[in-house]
Amino acid sequence: MKKTALPRLSRKRTTKSGLPSGTLVYTGERKDEQIIIHVIDFDEATFVETELTSVEACIPYKNKPTVTWINVDGVHNVPMLEKLGDCFALHRLVMEDITNTDQRPKTEDYGDYLYIVLKMLSAGKAEEIVTEQLSIIAGPNFVLSFQDGQEGDVFSLIRDRLRNNKGRIRKMGADYLAYSLLDAVVDNYFVILETFGNRIEQLETELIESPTPGTVQKIYQLKRELIFLHNAVWPLREAVSSLGKLESPLIREATVPYLRDLYDHVVNVIDSVDIYREMITGMLDMYLSSVSNRLNEVMKVLTAISLIFMPLTFIVGLYGMNFKYMPELNWQYGYPVVLFAMLGIGMSMFFYFKRKKWL
Amino acid sequence: MKKTALPRLSRKRTTKSGLPSGTLVYTGERKDEQIIIHVIDFDEATFVETELTSVEACIPYKNKPTVTWINVDGVHNVPMLEKLGDCFALHRLVMEDITNTDQRPKTEDYGDYLYIVLKMLSAGKAEEIVTEQLSIIAGPNFVLSFQDGQEGDVFSLIRDRLRNNKGRIRKMGADYLAYSLLDAVVDNYFVILETFGNRIEQLETELIESPTPGTVQKIYQLKRELIFLHNAVWPLREAVSSLGKLESPLIREATVPYLRDLYDHVVNVIDSVDIYREMITGMLDMYLSSVSNRLNEVMKVLTAISLIFMPLTFIVGLYGMNFKYMPELNWQYGYPVVLFAMLGIGMSMFFYFKRKKWL
Amino acid sequence: MKKTALPRLSRKRTTKSGLPSGTLVYTGERKDEQIIIHVIDFDEATFVETELTSVEACIPYKNKPTVTWINVDGVHNVPMLEKLGDCFALHRLVMEDITNTDQRPKTEDYGDYLYIVLKMLSAGKAEEIVTEQLSIIAGPNFVLSFQDGQEGDVFSLIRDRLRNNKGRIRKMGADYLAYSLLDAVVDNYFVILETFGNRIEQLETELIESPTPGTVQKIYQLKRELIFLHNAVWPLREAVSSLGKLESPLIREATVPYLRDLYDHVVNVIDSVDIYREMITGMLDMYLSSVSNRLNEVMKVLTAISLIFMPLTFIVGLYGMNFKYMPELNWQYGYPVVLFAMLGIGMSMFFYFKRKKWL
Amino acid sequence: MKKTALPRLSRKRTTKSGLPSGTLVYTGERKDEQIIIHVIDFDEATFVETELTSVEACIPYKNKPTVTWINVDGVHNVPMLEKLGDCFALHRLVMEDITNTDQRPKTEDYGDYLYIVLKMLSAGKAEEIVTEQLSIIAGPNFVLSFQDGQEGDVFSLIRDRLRNNKGRIRKMGADYLAYSLLDAVVDNYFVILETFGNRIEQLETELIESPTPGTVQKIYQLKRELIFLHNAVWPLREAVSSLGKLESPLIREATVPYLRDLYDHVVNVIDSVDIYREMITGMLDMYLSSVSNRLNEVMKVLTAISLIFMPLTFIVGLYGMNFKYMPELNWQYGYPVVLFAMLGIGMSMFFYFKRKKWL
Amino acid sequence: MKKTALPRLSRKRTTKSGLPSGTLVYTGERKDEQIIIHVIDFDEATFVETELTSVEACIPYKNKPTVTWINVDGVHNVPMLEKLGDCFALHRLVMEDITNTDQRPKTEDYGDYLYIVLKMLSAGKAEEIVTEQLSIIAGPNFVLSFQDGQEGDVFSLIRDRLRNNKGRIRKMGADYLAYSLLDAVVDNYFVILETFGNRIEQLETELIESPTPGTVQKIYQLKRELIFLHNAVWPLREAVSSLGKLESPLIREATVPYLRDLYDHVVNVIDSVDIYREMITGMLDMYLSSVSNRLNEVMKVLTAISLIFMPLTFIVGLYGMNFKYMPELNWQYGYPVVLFAMLGIGMSMFFYFKRKKWL
């Protein structure tokens, strides 16, 4: 069992415990890498893509009429993020939530912008689930996204669509872009679900064909991961639902059906997780019953063999007694008769147990 | 265990993951068959039934005052569906949901038309449940239905009623027709429930009369299917309920009681599925206790037989000792007396265990 | 296990599947008996009681100012019911629900009348629960009740009160009469609950004093019946609650407290069913632990006896060896000393196990 | 197991089944004792305490401006209660609920007075829970309380406070008095909870130190009582909550915080009951695992001892064979060598199993 | 199992049962220590910190325009608290709740001030959870906090921030100070969760590597503590949520986002507790299956060894028979042939069981 694959909910918080609210402290695991700021600025006609290393270069984008998408990859450089937050006039609590990578998925309306935080999931090597926090700030004409992790290829398809002006993404506003980012993350959940589905099917086969004590550990491990997955996805339902119902000018009328569609996808994911959890429960019951069945089999064999040999051993013991007057011992055919009698007893018991399916 | 009978929730999605919303990608399993477009156009007085192969032929039906039912059998021909969608001015997301056959049952009001998606269930050979997505577009005077599967005979009775002008179906509007389609699907659920009921009763008999290790696999398989069935039916409750409460001109006053009736049927189905699931749980408990009971029986037999033969074997061993001075050995009646003593011991223990129900 | 006692939820529906809504098809089990129409017409001063065989005779009662109670015993004569429905202007769906005896308990307000459907329960021979559908139509001055079954004596007390002008039943209107019918049915649930209570107490005693493999089947059977009972009673809560909150002129102000009282009774029944279900769960746990305990007992006996005889058998085998030079064999007191030694070993082990409670 | 200690929910109802609503029938267990009517009439300045035996003597108290508390001890004298009810103009259904001692806790607002019914709990001898119904009628300046049982000392502290003018009870109105009665009952629940807590702790110790088959019966018994306790307390939450939210002139503004406080206490009781129930579930799991562990221990001993003696018995059997040509038998040191070999085998196996913790 | 570490919900209440509401009785465990009153008075410019021993010295702070934080450490000196309560015009019920240390977490709006009560958790020695009640009174310009326990260092960081004018705490009002106190308590919950997380991971390792009967007791102990933890934290969700939604002038607009943030933290804690509880359930299942597996292993060894020695013992018994005419006995190679035959039988069975993984 790879223990490192298991999320550790409470660990990271403690480094922050006791500090005043609004203090920016990075609680994730990356420390040294360079933060990458990737900017795409577009409207239907124009498209500019750059990579920045200084925050100050972001400032002009704030009030440009074109839509600007600033993707920050890495949230461990706190002073840099602080400057960015000040530039876009973000609330201190939002900045705190961005750097604190244990947020529960949620949507918050700060008037001038929306703050959405959720979990990106990816399958690490060895099939364990790796979670990564994604924060999205959706303003009137800008979208900021903050990832704590390697630049996933989850967004690369969106970039392609922007570059090539595919679909309606360049025609619509910042809200549709924010939706597209969310949609890409949720679509990726289905990939994770598929690996879960495969693992469950493998376990089912293992359970039916050759259950071992290790099977129950795999079941437990799967259950554990599903508990965490459930926890990462469940609050997203509420977050996306509230996004769709928001009476905010930041969400245009035309985007609402897409958010409703996104909500359907999230509910679909939650349904699947619930199905998997119920199946895991059923598998555990099946495992326990298979253990009991095997014990039964072993005991039947022991009992049958004991029952065959016990009378035979008694008989040979009987004629091993040293009584002076035992007429059978002196009878010439005593030995073969006893041999045949024992053979008869043994055979008949053997077939009796064979018929009772004990052997 | 037929593994292919089990629905695979997450599989199909992945082919679509990452594409922009509104991209039509067929995610089902049929690929090559010809799409069949079956059109029925009627009002109380007239009735026309045709089969089309080109989408363009549908266009005139859009604005005819008569009620038109266009049933599209097969949703894998994406360009054809796209044309049809454009013709009836359907939203891209609706078209996407129609071709993506993993939708959760739901109702959506797009103003000019209602979009309803649900699952049709049928029992395949080998009793496993086969699900098929049915999308219904209910406009003011047209109903479009999209099936991903063979033309089920679920709708054949409705066609008969239309042809023969039976009941009130020709007198009422498109909303009543849409209701009739939904009702036919839900009525068919009861057929599925009956096969479940039969399988559960067979399992109960098997459980009481001759439980085998295979029984628990059947129980698990049934549980698994019920989980999926529950998932296919549960969201329908909400979908039908919201349909009845919709303040839309598309739903006439006279149709509302029928929708309420439909809702009752759906709740009835859900109740049955819940009952079956609870019974499955009870059956598993019964199976586990029967395994334990059989183990008890086996152990009692082993213990009783061991207890009968152990003292006897001890006695014959005793008189097999080679001490020089063992008075009994020389006594003339030693052998028969020991034989009778052992017979007495064996018999009394046998009857003791018989009375204690161990044998 | 009497299988016929178990309700079969899905069976009956299938005969109807596919027919248009509003088609009257009887789905119960009675086929041939004569339908009995029993009419009581009363106000505070007058009282007339008749039995009709033709539906047409009912018509005059519709608009009489006195309160009329028409009790129809048997819903399998569809044409007759159709005529009655037309006479009182009942909606086709109501008529359909009356003949289809698998309705979920519910209340529906059709403006001119209320439709209430619920389950009457009675204990058949062999203690199994028999359910029967009761439909009540409460109009401004008439009450129609439709029973699918033998004229239960559940209503006989109400008839007596009407005949003898006992209580306030003749002074109040049709709504109070309808309430009285519902109250009689719900009061009868308590009789059923009592038989359940008795069976549970018997099972508890059996479980403590002499649990057998049959006990778990009884527990399962009880659980199964409670699942169905729960299902028959649970929706009634909602039905009665909505009846009390109805803003209908058909329900007079003075009747509302009685409906609230009825609601309390229904909740009381549901509470009891839930208590019984929880107790059943506890009994199953107790049964499983008693099986494990008995296995423990058996194994302790086997182990103790084996442990006593194994060293003794070893010793007698030892002195049965044929070595030429075994000094003990020639010692005069060898045999008695070994005998006493074995007695000592056996006795001390026996008492050791006695003290450890293994024997 | 004391079966008489267990509440029997359904029993009592049946004597009433079928009677018209509003018929007063006593459904409790007391039959003959004298009803005691205890009256306290007070305002801040005056205090009068009397005991009445005739109902008529109550009448003058109805319209006195002082607050009157009439406590009726015993509800089995139906005609007497009927007179009292008429005198204070109580609804027939209220009177019925007072005499029918199986009410679910609830609050009902009848305009001129409030009707509150709940359960008083006390620990009988042998620690079982005894429930008793308490009905409270709170009018503008009178409080009637009806107990079905011995005059509990639950109210004696309130009487003392009234007599000695302690606290604010004499300064406030009838609503505060009613609250005080409820508070006294709920405070007493904590005493019951404490006995439950003690029994659970005893069971926990028993479970860890010396679990016996009787332990599981005690656990089941406790679970059973907690189910009933939960049922007696759970509806009280709703009843007290609705009391606090009532827009009735009968509840003064100043009393509302006290009702909120009472609500907190009720929720506290429910929390405790839920905690106890969860602990019971955990204890059952622990019991089952301890039974399995003991079985494991027994089997390990059996297996180890069998494994030690089986080869030894084989060896002594080997040299008990009667072959003519067995060289070892004639060897002078054969016997001691075999003895030492067996000692070596036995010892090494013994220590092996000792190290493996099987012995 | 340290029993003293377990919270005892019901114990303390009983000393108070029966007393009139509003009677101040200390129900905690401290009796003798000196109460410490620690006062901090500040605004953005000024800062005064004192420690008082007399309550009267608090009075001037009530109406000072600066923000005053009075922290009372110890609630067992009832007369002192009474005076303090009178000085700040607190309701008797509030004072009662402060001294009664078994309150459920809650928020109450008394108009002039808010009353918030919650649990402070800390890990005692031996890892058990110690709970302590914290009451907070938030007035327009004062905050009173009452701790039943040693002055925890939970608040020391807040004091530092006040002394050093760090963050925005000195710039904002009493409501922000109250929020900061709550936030410090909730932040500390994460420390507790971390110790839980560690214990669960240790248990998981123990469960996989070397489960003992003591493991299940640890699991039960952990489950028990989680039940209590859940109970201490769950009502806090409602309390904090209602605080954020309060339409009170005591809560400034600028503080609301902080309360929302606090709410997120509380929900995060609850999520973690729920995850831990689900994991505990999974661990119990795994333990039970590991016990069953070990039993299976033991039984397989017993059965295999029995099956090897039973035929061998039979054979040596066979040639120990004393028949006169047994040709093999006189055959010169009889003994070695039998020896080899037995070796062959023993070896082949040994390898057979080896291959079947029974040995």
# chains A, B, ... in the order shown; residues from 1 in each chain; ligands from 1

$ closest_atom_pairs --of "chain A" --to "chain D" --cutoff "12 Å" --atoms "only C-alpha atoms" --output "tab-separated table"
residue	atom	partner	partner_atom	distance
A:Thr313	CA	D:Gly317	CA	11.0
A:Val316	CA	D:Gly317	CA	11.0
A:Gly317	CA	D:Gly317	CA	9.8
A:Tyr319	CA	D:Asn322	CA	11.9
A:Gly320	CA	D:Gly320	CA	8.9
A:Met321	CA	D:Gly320	CA	11.1
A:Asn322	CA	D:Gly320	CA	11.8

$ residues_around --residues "region 243-252 of chain A" --least-positions-apart "4" --cutoff "7 Å" --atoms "only C-alpha atoms" --output "ChimeraX atom specification"
/A:107,139-140,175,239,256,259-260

$ write_last_selection --atoms "N, CA, C and O atoms" --output "PDB file, in the first residue's frame"
ATOM      1  N   THR A 107     -17.843  28.927  -4.356  1.00  0.00           N
ATOM      2  CA  THR A 107     -17.965  30.109  -5.200  1.00  0.00           C
ATOM      3  C   THR A 107     -18.243  31.291  -4.299  1.00  0.00           C
ATOM      4  O   THR A 107     -19.089  31.187  -3.407  1.00  0.00           O
ATOM      5  N   GLY A 139     -13.335  38.307 -13.525  1.00  0.00           N
ATOM      6  CA  GLY A 139     -13.735  39.712 -13.503  1.00  0.00           C
ATOM      7  C   GLY A 139     -14.534  40.040 -14.751  1.00  0.00           C
ATOM      8  O   GLY A 139     -14.885  39.158 -15.533  1.00  0.00           O
ATOM      9  N   PRO A 140     -14.836  41.341 -14.969  1.00  0.00           N
ATOM     10  CA  PRO A 140     -15.653  41.700 -16.135  1.00  0.00           C
ATOM     11  C   PRO A 140     -14.948  41.373 -17.454  1.00  0.00           C
ATOM     12  O   PRO A 140     -15.587  40.924 -18.407  1.00  0.00           O
ATOM     13  N   ASP A 175     -16.696  35.499 -18.756  1.00  0.00           N
ATOM     14  CA  ASP A 175     -17.467  34.495 -18.027  1.00  0.00           C
ATOM     15  C   ASP A 175     -17.450  33.151 -18.752  1.00  0.00           C
ATOM     16  O   ASP A 175     -17.337  32.103 -18.133  1.00  0.00           O
ATOM     17  N   ALA A 239     -21.163  24.683  -5.359  1.00  0.00           N
ATOM     18  CA  ALA A 239     -20.428  25.822  -5.907  1.00  0.00           C
ATOM     19  C   ALA A 239     -20.914  26.154  -7.322  1.00  0.00           C
ATOM     20  O   ALA A 239     -21.185  27.314  -7.645  1.00  0.00           O
ATOM     21  N   VAL A 256     -25.461  31.195 -19.012  1.00  0.00           N
ATOM     22  CA  VAL A 256     -26.191  30.424 -18.007  1.00  0.00           C
ATOM     23  C   VAL A 256     -26.464  28.977 -18.448  1.00  0.00           C
ATOM     24  O   VAL A 256     -26.225  28.046 -17.674  1.00  0.00           O
ATOM     25  N   LEU A 259     -23.497  26.890 -17.825  1.00  0.00           N
ATOM     26  CA  LEU A 259     -23.283  26.588 -16.405  1.00  0.00           C
ATOM     27  C   LEU A 259     -24.221  25.477 -15.942  1.00  0.00           C
ATOM     28  O   LEU A 259     -23.840  24.621 -15.152  1.00  0.00           O
ATOM     29  N   ARG A 260     -25.450  25.491 -16.451  1.00  0.00           N
ATOM     30  CA  ARG A 260     -26.410  24.439 -16.125  1.00  0.00           C
ATOM     31  C   ARG A 260     -25.883  23.106 -16.619  1.00  0.00           C
ATOM     32  O   ARG A 260     -25.972  22.080 -15.939  1.00  0.00           O
TER      33      ARG A 260
END

$ atom_distance --atom1 "CA of Arg199 (chain A)" --atom2 "CA of Leu121 (chain A)"
16.6 Å

$ closest_residue --among "D:Leu90, D:Leu318, D:Ile129, D:Ala45" --to "Thr66 (chain D)" --atoms "only C-alpha atoms"
D:Ala45

$ atom_distance --atom1 "CA of Glu44 (chain E)" --atom2 "CA of Lys171 (chain E)"
5.2 Å

$ atom_distance --atom1 "CA of His76 (chain C)" --atom2 "CA of Thr53 (chain C)"
14.3 Å

$ residues_around --residues "Thr281 (chain E)" --least-positions-apart "2" --cutoff "12 Å" --atoms "only C-alpha atoms" --output "PyMOL selection string"
(chain A and resi 220+223-224+227+281+284) or (chain D and resi 278+281-282+285-286) or (chain E and resi 200+204+216+219-220+222-224+226+274-279+283-288)

$ write_last_selection --atoms "N, CA and C atoms" --output "short mmCIF file (atom, residue, chain, number, x, y, z; two decimals), in the first residue's frame"
data_model
loop_
_atom_site.label_atom_id
_atom_site.label_comp_id
_atom_site.auth_asym_id
_atom_site.auth_seq_id
_atom_site.Cartn_x
_atom_site.Cartn_y
_atom_site.Cartn_z
N TYR A 220 -10.00 -1.75 0.67
CA TYR A 220 -9.93 -0.66 1.65
C TYR A 220 -9.27 0.58 1.04
N LYS A 223 -11.64 2.26 -1.23
CA LYS A 223 -12.66 2.92 -0.45
C LYS A 223 -12.15 4.25 0.10
N ARG A 224 -10.94 4.21 0.64
CA ARG A 224 -10.28 5.38 1.19
C ARG A 224 -10.17 6.48 0.12
N ILE A 227 -13.52 7.98 -0.65
CA ILE A 227 -13.97 8.92 0.37
C ILE A 227 -13.38 10.30 0.08
N THR A 281 -18.80 -1.43 -1.09
CA THR A 281 -19.45 -2.06 0.06
C THR A 281 -19.88 -3.48 -0.29
N LEU A 284 -16.93 -5.85 -0.39
CA LEU A 284 -16.45 -6.25 0.93
C LEU A 284 -17.30 -7.39 1.48
N GLU D 278 -24.74 5.26 18.73
CA GLU D 278 -23.55 4.98 17.92
C GLU D 278 -22.55 4.15 18.71
N THR D 281 -23.51 0.53 18.70
CA THR D 281 -23.13 -0.10 17.44
C THR D 281 -21.66 -0.50 17.47
N GLY D 282 -20.82 0.43 17.96
CA GLY D 282 -19.39 0.13 18.06
C GLY D 282 -19.13 -1.03 19.00
N ASP D 285 -19.79 -4.36 17.31
CA ASP D 285 -18.67 -4.74 16.44
C ASP D 285 -17.53 -5.30 17.27
N MET D 286 -17.26 -4.63 18.40
CA MET D 286 -16.16 -5.07 19.24
C MET D 286 -16.46 -6.46 19.81
N ILE E 200 -4.74 7.53 13.12
CA ILE E 200 -5.39 6.65 12.13
C ILE E 200 -4.35 6.01 11.23
N GLU E 204 -3.66 2.09 10.77
CA GLU E 204 -3.68 1.43 9.46
C GLU E 204 -2.45 0.55 9.29
N VAL E 216 -8.49 -3.74 17.81
CA VAL E 216 -9.91 -3.41 17.72
C VAL E 216 -10.33 -2.48 18.86
N ILE E 219 -9.34 0.90 17.74
CA ILE E 219 -10.30 1.38 16.74
C ILE E 219 -11.56 1.88 17.43
N TYR E 220 -12.05 1.09 18.38
CA TYR E 220 -13.26 1.48 19.09
C TYR E 220 -13.06 2.79 19.85
N LEU E 222 -10.96 5.16 19.17
CA LEU E 222 -10.88 6.25 18.21
C LEU E 222 -12.28 6.62 17.73
N LYS E 223 -13.08 5.60 17.47
CA LYS E 223 -14.44 5.84 17.00
C LYS E 223 -15.23 6.62 18.05
N ARG E 224 -15.09 6.21 19.29
CA ARG E 224 -15.76 6.84 20.42
C ARG E 224 -15.37 8.32 20.49
N LEU E 226 -14.18 10.16 18.08
CA LEU E 226 -14.68 10.88 16.90
C LEU E 226 -16.15 11.20 17.03
N ASP E 274 -15.84 13.61 9.32
CA ASP E 274 -16.65 12.61 8.62
C ASP E 274 -15.77 11.64 7.86
N ILE E 275 -14.71 12.16 7.21
CA ILE E 275 -13.78 11.26 6.51
C ILE E 275 -13.17 10.27 7.50
N TYR E 276 -12.74 10.78 8.64
CA TYR E 276 -12.12 9.89 9.63
C TYR E 276 -13.10 8.82 10.09
N ARG E 277 -14.35 9.23 10.29
CA ARG E 277 -15.33 8.24 10.74
C ARG E 277 -15.55 7.16 9.70
N GLU E 278 -15.61 7.56 8.44
CA GLU E 278 -15.79 6.55 7.39
C GLU E 278 -14.58 5.63 7.32
N MET E 279 -13.38 6.21 7.52
CA MET E 279 -12.19 5.38 7.47
C MET E 279 -12.17 4.37 8.62
N MET E 283 -11.75 0.43 8.52
CA MET E 283 -10.72 -0.29 9.26
C MET E 283 -11.30 -1.45 10.05
N LEU E 284 -12.46 -1.25 10.58
CA LEU E 284 -13.10 -2.32 11.34
C LEU E 284 -13.40 -3.50 10.43
N ASP E 285 -13.92 -3.20 9.23
CA ASP E 285 -14.18 -4.27 8.27
C ASP E 285 -12.88 -5.01 7.96
N MET E 286 -11.81 -4.23 7.77
CA MET E 286 -10.54 -4.85 7.43
C MET E 286 -10.05 -5.71 8.59
N TYR E 287 -10.24 -5.23 9.82
CA TYR E 287 -9.81 -6.02 10.97
C TYR E 287 -10.56 -7.35 11.02
N LEU E 288 -11.88 -7.27 10.87
CA LEU E 288 -12.68 -8.49 10.93
C LEU E 288 -12.24 -9.47 9.85
#

$ residues_around --residues "Asp264 (chain B)" --least-positions-apart "6" --cutoff "9 Å" --atoms "only C-alpha atoms" --output "VMD selection string"
(chain B and resid 237) or (chain C and resid 103 to 104 106)

$ write_last_selection --atoms "N, CA, C and O atoms" --output "mmCIF file, in the first residue's frame"
data_model
loop_
_atom_site.group_PDB
_atom_site.id
_atom_site.type_symbol
_atom_site.label_atom_id
_atom_site.label_comp_id
_atom_site.auth_asym_id
_atom_site.auth_seq_id
_atom_site.Cartn_x
_atom_site.Cartn_y
_atom_site.Cartn_z
ATOM 1 N N ARG B 237 -37.510 11.262 -11.238
ATOM 2 C CA ARG B 237 -38.503 11.804 -10.316
ATOM 3 C C ARG B 237 -38.494 13.327 -10.367
ATOM 4 O O ARG B 237 -39.530 13.959 -10.572
ATOM 5 N N GLN C 103 -51.826 1.377 -6.424
ATOM 6 C CA GLN C 103 -51.540 2.787 -6.202
ATOM 7 C C GLN C 103 -50.726 3.006 -4.943
ATOM 8 O O GLN C 103 -50.869 2.305 -3.968
ATOM 9 N N ARG C 104 -49.906 4.030 -5.000
ATOM 10 C CA ARG C 104 -49.238 4.542 -3.820
ATOM 11 C C ARG C 104 -50.242 5.418 -3.081
ATOM 12 O O ARG C 104 -50.960 6.181 -3.712
ATOM 13 N N LYS C 106 -52.100 8.414 -1.691
ATOM 14 C CA LYS C 106 -51.962 9.824 -2.082
ATOM 15 C C LYS C 106 -53.295 10.538 -1.951
ATOM 16 O O LYS C 106 -54.351 9.910 -1.836
#

$ residues_around --residues "region 77-84 of chain D" --least-positions-apart "6" --cutoff "8 Å" --atoms "only C-alpha atoms" --output "PyMOL selection string"
chain D and resi 24-26+35+55-56+58+95+99

$ residues_around --residues "Glu108 (chain C)" --least-positions-apart "6" --cutoff "9 Å" --atoms "only C-alpha atoms" --output "mmCIF file with all heavy atoms, in the first residue's frame"
data_model
loop_
_atom_site.group_PDB
_atom_site.id
_atom_site.type_symbol
_atom_site.label_atom_id
_atom_site.label_comp_id
_atom_site.auth_asym_id
_atom_site.auth_seq_id
_atom_site.Cartn_x
_atom_site.Cartn_y
_atom_site.Cartn_z
ATOM 1 N N LEU C 114 -62.382 15.367 -3.802
ATOM 2 C CA LEU C 114 -61.034 14.943 -3.434
ATOM 3 C C LEU C 114 -60.917 13.449 -3.713
ATOM 4 O O LEU C 114 -61.881 12.705 -3.515
ATOM 5 C CB LEU C 114 -60.775 15.183 -1.948
ATOM 6 C CG LEU C 114 -60.962 16.609 -1.454
ATOM 7 C CD1 LEU C 114 -60.871 16.649 0.055
ATOM 8 C CD2 LEU C 114 -59.927 17.501 -2.089
ATOM 9 N N TYR C 115 -59.749 13.043 -4.141
ATOM 10 C CA TYR C 115 -59.513 11.617 -4.337
ATOM 11 C C TYR C 115 -58.422 11.190 -3.368
ATOM 12 O O TYR C 115 -57.324 11.747 -3.364
ATOM 13 C CB TYR C 115 -59.088 11.341 -5.775
ATOM 14 C CG TYR C 115 -58.665 9.920 -6.015
ATOM 15 C CD1 TYR C 115 -59.496 8.866 -5.669
ATOM 16 C CD2 TYR C 115 -57.429 9.624 -6.574
ATOM 17 C CE1 TYR C 115 -59.111 7.555 -5.881
ATOM 18 C CE2 TYR C 115 -57.033 8.316 -6.798
ATOM 19 C CZ TYR C 115 -57.882 7.286 -6.442
ATOM 20 O OH TYR C 115 -57.506 5.983 -6.632
ATOM 21 N N ILE C 116 -58.733 10.216 -2.520
ATOM 22 C CA ILE C 116 -57.759 9.702 -1.555
ATOM 23 C C ILE C 116 -57.647 8.202 -1.779
ATOM 24 O O ILE C 116 -58.666 7.508 -1.884
ATOM 25 C CB ILE C 116 -58.212 9.970 -0.103
ATOM 26 C CG1 ILE C 116 -58.524 11.452 0.079
ATOM 27 C CG2 ILE C 116 -57.168 9.511 0.888
ATOM 28 C CD1 ILE C 116 -59.693 11.696 0.979
ATOM 29 N N VAL C 117 -56.436 7.715 -1.888
ATOM 30 C CA VAL C 117 -56.247 6.279 -2.031
ATOM 31 C C VAL C 117 -55.260 5.816 -0.977
ATOM 32 O O VAL C 117 -54.293 6.515 -0.670
ATOM 33 C CB VAL C 117 -55.783 5.917 -3.466
ATOM 34 C CG1 VAL C 117 -54.456 6.543 -3.812
ATOM 35 C CG2 VAL C 117 -55.720 4.414 -3.658
ATOM 36 N N ALA C 239 -49.900 12.072 2.368
ATOM 37 C CA ALA C 239 -51.278 12.186 1.860
ATOM 38 C C ALA C 239 -52.177 12.838 2.898
ATOM 39 O O ALA C 239 -52.945 13.753 2.585
ATOM 40 C CB ALA C 239 -51.803 10.797 1.477
ATOM 41 N N SER C 242 -51.206 16.565 3.529
ATOM 42 C CA SER C 242 -51.663 17.484 2.483
ATOM 43 C C SER C 242 -53.176 17.667 2.568
ATOM 44 O O SER C 242 -53.703 18.730 2.260
ATOM 45 C CB SER C 242 -51.261 16.971 1.101
ATOM 46 O OG SER C 242 -52.050 15.880 0.736
ATOM 47 N N LEU C 243 -53.889 16.638 3.019
ATOM 48 C CA LEU C 243 -55.337 16.744 3.198
ATOM 49 C C LEU C 243 -55.660 17.829 4.222
ATOM 50 O O LEU C 243 -56.576 18.642 4.039
ATOM 51 C CB LEU C 243 -55.873 15.384 3.675
ATOM 52 C CG LEU C 243 -57.333 15.063 3.459
ATOM 53 C CD1 LEU C 243 -57.677 15.129 1.991
ATOM 54 C CD2 LEU C 243 -57.666 13.691 4.013
#

$ select_by_dssp --residues "region 119-337 of chain D" --states "alpha helix (DSSP H)" --output "number ranges by chain"
D: 156-164, 174-209, 213-245, 256-318, 327-330, 334-337

$ select_by_dssp --residues "region 59-256 of chain C" --states "strand (DSSP E or B)" --output "JSON, numbers by chain"
{"C": [67, 68, 69, 70, 71, 72, 73, 106, 107, 108, 109, 114, 115, 116, 117, 118, 119, 120, 121, 122, 123, 129, 130, 131, 132, 133, 134, 135, 136, 137, 138, 142, 143, 144, 145, 146, 147]}
